[in-house]
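Source file: upload_16.pdb; contents: PDB, C-alpha atoms and all ligand atoms.
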```
ATOM      1  CA  MET A 115     -46.817   5.470  -7.950
ATOM      2  CA  THR A 116     -50.250   4.646  -9.302
ATOM      3  CA  SER A 117     -53.537   3.928  -7.665
ATOM      4  CA  ALA A 118     -55.075   0.590  -8.428
ATOM      5  CA  VAL A 119     -58.119   0.594  -6.228
ATOM      6  CA  PRO A 120     -61.319  -0.350  -8.066
ATOM      7  CA  GLN A 121     -64.319   1.970  -7.806
ATOM      8  CA  LEU A 122     -67.862   0.951  -7.021
ATOM      9  CA  SER A 123     -70.766   3.338  -7.472
ATOM     10  CA  LEU A 124     -73.827   2.582  -5.373
ATOM     11  CA  ALA A 125     -76.028   4.844  -7.529
ATOM     12  CA  GLU A 126     -77.928   1.847  -8.876
ATOM     13  CA  GLY A 127     -77.573  -0.419  -5.861
ATOM     14  CA  ILE A 128     -74.635  -2.624  -4.967
ATOM     15  CA  ASP A 129     -72.986  -4.656  -7.713
ATOM     16  CA  ALA A 130     -72.096  -7.560  -5.449
ATOM     17  CA  ASP A 131     -69.818  -9.308  -7.942
ATOM     18  CA  LEU A 132     -67.811  -6.135  -8.503
ATOM     19  CA  LEU A 133     -67.531  -5.603  -4.758
ATOM     20  CA  TYR A 134     -66.385  -9.165  -4.225
ATOM     21  CA  SER A 135     -63.814  -9.137  -6.992
ATOM     22  CA  ALA A 136     -62.447  -5.753  -5.862
ATOM     23  CA  LEU A 137     -62.016  -7.004  -2.318
ATOM     24  CA  LYS A 138     -60.542 -10.295  -3.519
ATOM     25  CA  GLU A 139     -58.075  -8.627  -5.881
ATOM     26  CA  THR A 140     -56.918  -5.729  -3.697
ATOM     27  CA  GLY A 141     -58.717  -5.888  -0.354
ATOM     28  CA  PHE A 142     -59.741  -2.264  -1.014
ATOM     29  CA  VAL A 143     -62.574  -0.611  -2.932
ATOM     30  CA  VAL A 144     -63.529   3.039  -3.408
ATOM     31  CA  VAL A 145     -67.269   3.489  -2.892
ATOM     32  CA  THR A 146     -68.994   6.468  -4.520
ATOM     33  CA  ASP A 147     -72.655   7.544  -4.564
ATOM     34  CA  HIS A 148     -73.069   5.970  -1.137
ATOM     35  CA  GLY A 149     -76.032   8.148  -0.224
ATOM     36  CA  ILE A 150     -74.537   9.721   2.907
ATOM     37  CA  ASP A 151     -75.540  13.386   3.019
ATOM     38  CA  LEU A 152     -72.479  15.320   1.870
ATOM     39  CA  SER A 153     -73.208  18.607   3.562
ATOM     40  CA  ARG A 154     -73.649  16.829   6.881
ATOM     41  CA  LEU A 155     -70.462  14.915   6.259
ATOM     42  CA  HIS A 156     -68.757  18.263   5.842
ATOM     43  CA  ASP A 157     -70.270  19.458   9.149
ATOM     44  CA  ALA A 158     -69.012  16.319  10.869
ATOM     45  CA  TYR A 159     -65.482  16.993   9.612
ATOM     46  CA  GLN A 160     -65.662  20.582  10.847
ATOM     47  CA  VAL A 161     -66.745  19.603  14.314
ATOM     48  CA  VAL A 162     -64.012  16.962  14.509
ATOM     49  CA  GLU A 163     -61.361  19.491  13.500
ATOM     50  CA  ARG A 164     -62.653  21.890  16.143
ATOM     51  CA  PHE A 165     -62.421  19.187  18.790
ATOM     52  CA  PHE A 166     -58.801  18.351  18.024
ATOM     53  CA  ALA A 167     -57.936  22.078  18.094
ATOM     54  CA  LEU A 168     -58.804  22.164  21.823
ATOM     55  CA  PRO A 169     -55.918  22.325  24.305
ATOM     56  CA  VAL A 170     -54.443  18.914  25.137
ATOM     57  CA  LYS A 171     -55.472  19.294  28.794
ATOM     58  CA  GLU A 172     -59.064  19.707  27.736
ATOM     59  CA  LYS A 173     -58.917  16.585  25.538
ATOM     60  CA  GLN A 174     -57.168  14.560  28.247
ATOM     61  CA  ARG A 175     -60.322  14.818  30.362
ATOM     62  CA  PHE A 176     -61.827  12.250  28.001
ATOM     63  CA  VAL A 177     -59.217   9.529  28.383
ATOM     64  CA  VAL A 178     -61.345   6.682  29.702
ATOM     65  CA  GLY A 179     -60.281   3.195  30.705
ATOM     66  CA  LYS A 180     -57.006   1.758  29.566
ATOM     67  CA  ASP A 181     -57.817   0.086  26.284
ATOM     68  CA  GLY A 182     -58.736   3.213  24.320
ATOM     69  CA  GLN A 183     -62.033   1.821  23.048
ATOM     70  CA  ARG A 184     -63.961   4.989  23.917
ATOM     71  CA  GLY A 185     -63.165   8.674  24.137
ATOM     72  CA  TYR A 186     -59.764  10.222  23.603
ATOM     73  CA  THR A 187     -56.409   8.548  22.967
ATOM     74  CA  ALA A 188     -53.506  10.976  23.128
ATOM     75  CA  PHE A 189     -50.698  11.450  20.632
ATOM     76  CA  GLY A 190     -48.015   8.771  20.809
ATOM     77  CA  ARG A 191     -50.141   6.070  22.498
ATOM     78  CA  GLU A 192     -50.748   3.499  19.758
ATOM     79  CA  ASN A 193     -48.256   1.555  17.698
ATOM     80  CA  ALA A 194     -48.908  -0.848  14.847
ATOM     81  CA  LYS A 195     -48.540  -4.561  15.601
ATOM     82  CA  GLY A 196     -44.845  -5.397  15.701
ATOM     83  CA  ASN A 197     -43.701  -1.773  15.352
ATOM     84  CA  PRO A 198     -41.979  -0.351  18.446
ATOM     85  CA  VAL A 199     -42.371   3.336  17.495
ATOM     86  CA  PRO A 200     -45.777   4.898  18.229
ATOM     87  CA  ASP A 201     -47.794   6.344  15.347
ATOM     88  CA  LEU A 202     -47.972  10.137  14.897
ATOM     89  CA  LYS A 203     -51.670  10.466  15.664
ATOM     90  CA  GLU A 204     -54.288  11.267  18.267
ATOM     91  CA  PHE A 205     -57.816   9.918  18.034
ATOM     92  CA  TRP A 206     -61.303   9.606  19.449
ATOM     93  CA  HIS A 207     -63.406   6.442  19.583
ATOM     94  CA  VAL A 208     -67.177   6.101  19.562
ATOM     95  CA  GLY A 209     -68.760   2.712  19.927
ATOM     96  CA  ARG A 210     -71.859   0.776  20.749
ATOM     97  CA  GLU A 211     -73.345   2.132  23.948
ATOM     98  CA  TRP A 212     -74.394  -1.240  25.388
ATOM     99  CA  ILE A 213     -70.891  -2.654  25.098
ATOM    100  CA  ALA A 214     -69.147   0.296  26.746
ATOM    101  CA  PRO A 215     -70.715   3.704  27.356
ATOM    102  CA  ASN A 216     -69.515   6.574  25.207
ATOM    103  CA  VAL A 217     -68.201   9.831  26.563
ATOM    104  CA  TRP A 218     -68.935  13.129  24.876
ATOM    105  CA  PRO A 219     -67.238  16.517  25.168
ATOM    106  CA  GLU A 220     -69.475  19.539  25.795
ATOM    107  CA  LYS A 221     -67.367  21.464  23.291
ATOM    108  CA  PRO A 222     -67.440  21.906  20.352
ATOM    109  CA  GLU A 223     -71.173  22.367  19.998
ATOM    110  CA  GLY A 224     -72.773  19.600  17.931
ATOM    111  CA  PHE A 225     -69.952  17.077  18.389
ATOM    112  CA  GLU A 226     -72.149  14.322  19.798
ATOM    113  CA  ARG A 227     -74.974  14.976  17.349
ATOM    114  CA  GLU A 228     -72.800  14.933  14.210
ATOM    115  CA  VAL A 229     -70.521  12.095  15.282
ATOM    116  CA  ALA A 230     -73.399   9.864  16.400
ATOM    117  CA  TRP A 231     -75.113  10.545  13.084
ATOM    118  CA  LEU A 232     -71.998   9.568  11.146
ATOM    119  CA  TYR A 233     -71.653   6.364  13.184
ATOM    120  CA  ASP A 234     -75.178   5.317  12.226
ATOM    121  CA  GLU A 235     -74.705   6.176   8.555
ATOM    122  CA  LEU A 236     -71.459   4.237   8.223
ATOM    123  CA  ASP A 237     -72.918   1.357  10.195
ATOM    124  CA  ARG A 238     -75.793   1.140   7.723
ATOM    125  CA  VAL A 239     -73.621   1.344   4.576
ATOM    126  CA  GLY A 240     -71.129  -1.151   6.011
ATOM    127  CA  LEU A 241     -73.777  -3.737   6.771
ATOM    128  CA  ASP A 242     -75.309  -3.190   3.317
ATOM    129  CA  LEU A 243     -71.944  -3.990   1.724
ATOM    130  CA  LEU A 244     -71.503  -7.114   3.832
ATOM    131  CA  ARG A 245     -75.040  -8.255   3.092
ATOM    132  CA  ALA A 246     -74.356  -7.866  -0.642
ATOM    133  CA  LEU A 247     -71.256 -10.018  -0.270
ATOM    134  CA  THR A 248     -73.268 -12.983   0.959
ATOM    135  CA  LYS A 249     -74.328 -13.802  -2.596
ATOM    136  CA  PRO A 250     -70.884 -14.120  -4.207
ATOM    137  CA  LEU A 251     -69.614 -15.721  -0.999
ATOM    138  CA  GLU A 252     -72.447 -18.238  -1.271
ATOM    139  CA  VAL A 253     -73.466 -17.979   2.359
ATOM    140  CA  PRO A 254     -76.991 -17.402   3.695
ATOM    141  CA  ALA A 255     -78.252 -13.853   3.140
ATOM    142  CA  TYR A 256     -78.653 -13.248   6.897
ATOM    143  CA  THR A 257     -75.072 -14.294   7.739
ATOM    144  CA  PHE A 258     -73.674 -10.845   8.465
ATOM    145  CA  ASP A 259     -76.880  -9.512  10.008
ATOM    146  CA  GLU A 260     -76.624 -12.313  12.514
ATOM    147  CA  MET A 261     -72.905 -11.855  13.024
ATOM    148  CA  ALA A 262     -72.603  -8.093  13.073
ATOM    149  CA  GLU A 263     -75.861  -6.177  13.318
ATOM    150  CA  GLY A 264     -75.558  -4.007  16.426
ATOM    151  CA  GLY A 265     -72.025  -5.404  16.869
ATOM    152  CA  ASN A 266     -68.948  -3.944  18.523
ATOM    153  CA  SER A 267     -68.218  -1.422  15.748
ATOM    154  CA  VAL A 268     -66.057   1.608  16.439
ATOM    155  CA  LEU A 269     -65.853   4.957  14.675
ATOM    156  CA  ARG A 270     -62.381   6.444  14.953
ATOM    157  CA  LEU A 271     -61.857  10.157  14.452
ATOM    158  CA  LEU A 272     -58.223  10.704  13.625
ATOM    159  CA  HIS A 273     -55.941  13.698  13.716
ATOM    160  CA  TYR A 274     -52.377  13.509  12.472
ATOM    161  CA  PRO A 275     -50.748  16.807  13.499
ATOM    162  CA  PRO A 276     -48.023  18.454  11.396
ATOM    163  CA  VAL A 277     -44.908  16.314  11.816
ATOM    164  CA  ALA A 278     -42.623  17.831  14.470
ATOM    165  CA  GLU A 279     -39.021  18.543  13.553
ATOM    166  CA  ASP A 280     -37.799  16.397  16.409
ATOM    167  CA  ALA A 281     -40.103  13.465  15.599
ATOM    168  CA  ASP A 282     -38.455  10.033  15.793
ATOM    169  CA  PRO A 283     -37.053   9.440  12.288
ATOM    170  CA  GLY A 284     -38.629   5.976  12.369
ATOM    171  CA  ALA A 285     -42.103   7.276  13.173
ATOM    172  CA  ILE A 286     -44.832   7.582  10.598
ATOM    173  CA  ARG A 287     -48.428   8.779  10.783
ATOM    174  CA  ALA A 288     -49.743   5.227  10.790
ATOM    175  CA  ALA A 289     -47.285   2.366  10.391
ATOM    176  CA  ALA A 290     -48.110  -0.606   8.170
ATOM    177  CA  HIS A 291     -50.952  -2.680   9.595
ATOM    178  CA  GLU A 292     -54.085  -4.612   8.781
ATOM    179  CA  ASP A 293     -57.403  -3.677  10.335
ATOM    180  CA  ILE A 294     -58.699  -6.100  12.933
ATOM    181  CA  ASN A 295     -62.413  -6.088  12.102
ATOM    182  CA  LEU A 296     -64.649  -7.421   9.296
ATOM    183  CA  ILE A 297     -64.732  -4.375   7.031
ATOM    184  CA  THR A 298     -63.596  -0.758   7.419
ATOM    185  CA  LEU A 299     -65.305   2.255   5.876
ATOM    186  CA  LEU A 300     -63.029   5.223   5.653
ATOM    187  CA  VAL A 301     -64.457   8.588   4.817
ATOM    188  CA  SER A 302     -62.024  10.147   2.318
ATOM    189  CA  ALA A 303     -59.326  11.929   4.293
ATOM    190  CA  SER A 304     -58.516  15.636   4.231
ATOM    191  CA  THR A 305     -55.125  15.048   2.569
ATOM    192  CA  ALA A 306     -53.226  12.263   0.801
ATOM    193  CA  GLY A 307     -50.994   9.764   2.523
ATOM    194  CA  LEU A 308     -52.920   6.493   2.622
ATOM    195  CA  GLN A 309     -51.085   3.675   0.846
ATOM    196  CA  LEU A 310     -51.708  -0.029   0.424
ATOM    197  CA  LEU A 311     -49.229  -2.821  -0.090
ATOM    198  CA  ASP A 312     -50.104  -4.607  -3.311
ATOM    199  CA  ARG A 313     -49.568  -8.292  -4.019
ATOM    200  CA  ASP A 314     -46.223  -7.539  -5.675
ATOM    201  CA  GLY A 315     -44.982  -5.940  -2.481
ATOM    202  CA  GLU A 316     -45.219  -2.377  -3.859
ATOM    203  CA  TRP A 317     -46.709   0.488  -1.876
ATOM    204  CA  ARG A 318     -49.465   2.186  -3.848
ATOM    205  CA  GLU A 319     -51.315   5.368  -3.125
ATOM    206  CA  VAL A 320     -54.998   4.983  -2.391
ATOM    207  CA  ASP A 321     -56.594   7.906  -4.216
ATOM    208  CA  ALA A 322     -60.260   8.566  -3.878
ATOM    209  CA  PRO A 323     -62.438  11.420  -5.054
ATOM    210  CA  ALA A 324     -63.564  13.832  -2.334
ATOM    211  CA  ASN A 325     -66.600  12.467  -0.480
ATOM    212  CA  ALA A 326     -65.974   8.871  -1.486
ATOM    213  CA  ILE A 327     -65.728   6.100   1.056
ATOM    214  CA  ILE A 328     -62.765   3.777   0.967
ATOM    215  CA  ALA A 329     -63.685   0.304   2.136
ATOM    216  CA  ASP A 330     -61.162  -2.334   3.090
ATOM    217  CA  ALA A 331     -61.366  -5.841   4.434
ATOM    218  CA  GLY A 332     -59.998  -6.572   7.879
ATOM    219  CA  ASP A 333     -58.480  -9.631   9.542
ATOM    220  CA  MET A 334     -61.819 -11.024  10.616
ATOM    221  CA  LEU A 335     -63.209 -11.145   7.072
ATOM    222  CA  ALA A 336     -59.923 -12.654   5.912
ATOM    223  CA  ARG A 337     -60.229 -15.241   8.646
ATOM    224  CA  ILE A 338     -63.745 -16.427   7.841
ATOM    225  CA  THR A 339     -62.965 -16.570   4.106
ATOM    226  CA  ASN A 340     -59.694 -18.389   4.826
ATOM    227  CA  GLY A 341     -57.756 -15.598   3.138
ATOM    228  CA  VAL A 342     -59.808 -15.490  -0.088
ATOM    229  CA  ILE A 343     -60.601 -11.887   0.814
ATOM    230  CA  PRO A 344     -57.266 -10.642   2.120
ATOM    231  CA  ALA A 345     -56.792  -8.100   4.892
ATOM    232  CA  THR A 346     -54.599  -5.747   2.919
ATOM    233  CA  THR A 347     -51.681  -4.076   4.652
ATOM    234  CA  HIS A 348     -51.892  -0.285   4.591
ATOM    235  CA  ARG A 349     -50.232   2.739   6.174
ATOM    236  CA  VAL A 350     -50.366   6.524   6.273
ATOM    237  CA  VAL A 351     -47.102   8.190   5.280
ATOM    238  CA  ASN A 352     -45.799  11.546   6.478
ATOM    239  CA  PRO A 353     -46.583  14.556   4.278
ATOM    240  CA  GLU A 354     -44.325  15.155   1.314
ATOM    241  CA  GLY A 355     -45.781  18.563   0.514
ATOM    242  CA  PRO A 356     -46.968  21.114   3.085
ATOM    243  CA  ASN A 357     -46.527  19.885   6.639
ATOM    244  CA  ILE A 358     -50.160  20.226   7.677
ATOM    245  CA  SER A 359     -52.628  18.298   9.804
ATOM    246  CA  ARG A 360     -54.457  15.344   8.307
ATOM    247  CA  TYR A 361     -57.886  14.210   9.454
ATOM    248  CA  SER A 362     -59.619  10.950   8.671
ATOM    249  CA  MET A 363     -62.541   8.929  10.013
ATOM    250  CA  PRO A 364     -62.398   5.138   9.698
ATOM    251  CA  PHE A 365     -65.419   3.112  10.840
ATOM    252  CA  PHE A 366     -64.375  -0.350  11.945
ATOM    253  CA  LEU A 367     -67.305  -2.704  11.490
ATOM    254  CA  HIS A 368     -67.023  -5.446  14.102
ATOM    255  CA  PRO A 369     -69.072  -8.544  14.852
ATOM    256  CA  LYS A 370     -70.981  -8.921  18.078
ATOM    257  CA  PRO A 371     -68.608  -9.878  20.896
ATOM    258  CA  GLU A 372     -70.156 -13.322  21.247
ATOM    259  CA  ALA A 373     -70.317 -14.055  17.488
ATOM    260  CA  VAL A 374     -68.158 -17.006  16.534
ATOM    261  CA  LEU A 375     -65.760 -16.370  13.677
ATOM    262  CA  SER A 376     -65.903 -19.680  11.918
ATOM    263  CA  VAL A 377     -64.448 -20.246   8.450
ATOM    264  CA  PHE A 378     -67.228 -20.649   5.861
ATOM    265  CA  ASP A 379     -67.470 -24.287   4.752
ATOM    266  CA  GLN A 380     -66.632 -23.683   1.105
ATOM    267  CA  PHE A 381     -63.284 -22.083   2.047
ATOM    268  CA  ARG A 382     -62.118 -24.887   4.291
ATOM    269  CA  ASP A 383     -59.090 -26.778   3.008
ATOM    270  CA  GLY A 384     -57.438 -27.943   6.217
ATOM    271  CA  SER A 385     -55.353 -24.770   6.578
ATOM    272  CA  GLU A 386     -58.109 -22.725   8.211
ATOM    273  CA  ALA A 387     -57.867 -21.016  11.579
ATOM    274  CA  GLU A 388     -59.853 -22.322  14.525
ATOM    275  CA  ASP A 389     -63.140 -20.836  15.651
ATOM    276  CA  ILE A 390     -62.790 -17.839  17.964
ATOM    277  CA  THR A 391     -65.284 -15.309  19.284
ATOM    278  CA  GLY A 392     -65.178 -11.708  18.122
ATOM    279  CA  ALA A 393     -64.380 -10.631  21.683
ATOM    280  CA  ASP A 394     -61.398 -12.987  22.075
ATOM    281  CA  PHE A 395     -59.964 -12.122  18.688
ATOM    282  CA  LEU A 396     -60.198  -8.399  19.431
ATOM    283  CA  ALA A 397     -58.620  -8.755  22.872
ATOM    284  CA  GLU A 398     -55.687 -10.603  21.319
ATOM    285  CA  ARG A 399     -55.109  -7.873  18.732
ATOM    286  CA  LEU A 400     -55.476  -4.990  21.181
ATOM    287  CA  ARG A 401     -52.698  -6.470  23.282
ATOM    288  CA  GLU A 402     -50.499  -6.574  20.187
ATOM    289  CA  ILE A 403     -50.968  -2.850  19.438
ATOM    290  CA  GLY A 404     -50.262  -1.703  22.978
ATOM    291  CA  LEU A 405     -53.825  -0.648  23.752
ATOM    292  CA  SER A 406     -54.773  -3.260  26.285
TER     293      SER A 406
HETATM  294  O1  LIG A 501     -56.049   7.698   8.252
HETATM  295  C1  LIG A 501     -56.224   6.872   7.364
HETATM  296  O2  LIG A 501     -56.439   7.219   6.204
HETATM  297  C2  LIG A 501     -56.158   5.393   7.673
HETATM  298  C3  LIG A 501     -56.205   5.069   9.132
HETATM  299  C4  LIG A 501     -56.117   3.622   9.402
HETATM  300  O3  LIG A 501     -55.722   2.839   8.574
HETATM  301  C5  LIG A 501     -56.537   3.089  10.712
HETATM  302  O4  LIG A 501     -56.748   3.893  11.650
HETATM  303  O5  LIG A 501     -56.668   1.868  10.842
HETATM  304 FE    FE A 502     -56.217   0.823   9.111
END
```

Would you encode the structure as structure tokens?
Amino acid sequence: MTSAVPQLSLAEGIDADLLYSALKETGFVVVTDHGIDLSRLHDAYQVVERFFALPVKEKQRFVVGKDGQRGYTAFGRENAKGNPVPDLKEFWHVGREWIAPNVWPEKPEGFEREVAWLYDELDRVGLDLLRALTKPLEVPAYTFDEMAEGGNSVLRLLHYPPVAEDADPGAIRAAAHEDINLITLLVSASTAGLQLLDRDGEWREVDAPANAIIADAGDMLARITNGVIPATTHRVVNPEGPNISRYSMPFFLHPKPEAVLSVFDQFRDGSEAEDITGADFLAERLREIGLS
């Protein structure tokens, strides 16, 4: 199995045409030299690992609401759209305070500080990438600022524990799915396992150097480009080597709840989806994955 994800270095700014063609061809791009402080990124990972090492009872104190948009979601709660078996993961969500207040554990020390920092960094890089895309997409430069600045973005801290011997044989760490949002920024995970479904229907490993950010397009970007930028199906497979925990941290960049997802004029051909608000689209998808 080979990796076919194009790489984009941001060392000299964003090559918008490269970004666009990478997203168009594969829906994924590996971003290097993104400018996020690597030693702090390391600290953020450490604090996240320490949180998930807490006893389940301790973590359960942070289950808030029923739709899992903030705080802790326990192991076995979420399934991919159309897949009856829950994924083998537990996670934590941080989002925009004005949309729904965050909760923060007192332990481990520094959790809020490091995680809030990471949210802001990924938010900034994500919006930079979208802003760069406006040129090749031939839409006004402010399009994504208007649609998504300060939007309903969510940082997900993920822990996939070692796979239990009695795990459902049909269960995998994260079953095949597309992300719901505009664009996802995934800080390179602690171990392998992420795969994308290429256009020939083959699963391919998504390899990225340590400290890179893997970006992928979600359903909302696919929708407003009428599928020109596809939301590529991906999954996380169970470990083939040592049966150890895997940690990853996707940042789902969302529009503002009230932003209207309307197909850009130049991509309209009669087959396009109808206008829908970010909030309504999200609510629909959350129902489909068992979270709402
Ligand atoms: O853990 C990963 O590498 C990917 C997770 C993912 O695709 C998701 O949570 O949507
Ligand atoms: Fe995903």

Got a sec to resolve the PyMOL selection byres (((chain A and resi 153-158) around 8) and not hetatm) on this structure and send the residues as a tab-separated table (two decimals) with C-alpha atoms, keeping the file's coordinate frame?
```
chain	number	residue	atom	x	y	z
A	150	ILE	CA	-74.54	9.72	2.91
A	151	ASP	CA	-75.54	13.39	3.02
A	152	LEU	CA	-72.48	15.32	1.87
A	159	TYR	CA	-65.48	16.99	9.61
A	160	GLN	CA	-65.66	20.58	10.85
A	161	VAL	CA	-66.74	19.60	14.31
A	162	VAL	CA	-64.01	16.96	14.51
A	225	PHE	CA	-69.95	17.08	18.39
A	228	GLU	CA	-72.80	14.93	14.21
A	229	VAL	CA	-70.52	12.10	15.28
A	232	LEU	CA	-72.00	9.57	11.15
```

- [ ] Go through A:Trp231, A:Phe166, A:Trp218, A:Phe142 and flag the residue nearest ligand FE 502 (chain A), using all atoms listed in the file for the distances.
- [x]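 Among the listed residues, A:Phe142 lies closest to ligand FE 502 (chain A).
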
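The protein and nucleic acid residues lying at most 9 Å from A:Gln183 are Trp206, His207, Val208, Gly209, Ala214, Val268 and Leu405 of chain A, with all atoms listed in the file considered and sequence neighbours fewer than 6 positions away removed.
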
Task: Gap from atom CA of A:Asp293 to atom CA of A:Thr187 - Å, one decimal - done: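 Straight-line distance from atom CA of A:Asp293 to atom CA of A:Thr187 works out to 17.6 Å.
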
Open item on the list: Show me which residues line ligand LIG 501 (chain A), defined as having an atom within 8 Å of a ligand atom where all atoms listed in the file count, and present them as a list of chain:residue names.
Closed with: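 So, counting all atoms listed in the file, the residues near ligand LIG 501 (chain A) are A:Arg270, A:Leu272, A:Ala288, A:His291, A:Glu292, A:Asp293, A:Leu300, A:Ser302, A:Ala303, A:Gly307, A:Leu308, A:His348, A:Arg349, A:Val350, A:Arg360, A:Tyr361, A:Ser362, A:Met363, A:Pro364.
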
Task: Computed interatomic separation between atom CA of A:Met334 and atom CA of A:Ile390 (Å) - done: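 Computing the Euclidean distance for atom CA of A:Met334 and atom CA of A:Ile390 yields 10.1 Å.
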
Task: Gap from atom CA of A:Phe381 to atom CA of A:Gly341 - Å, one decimal - done: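 Those two atoms sit 8.6 Å apart.
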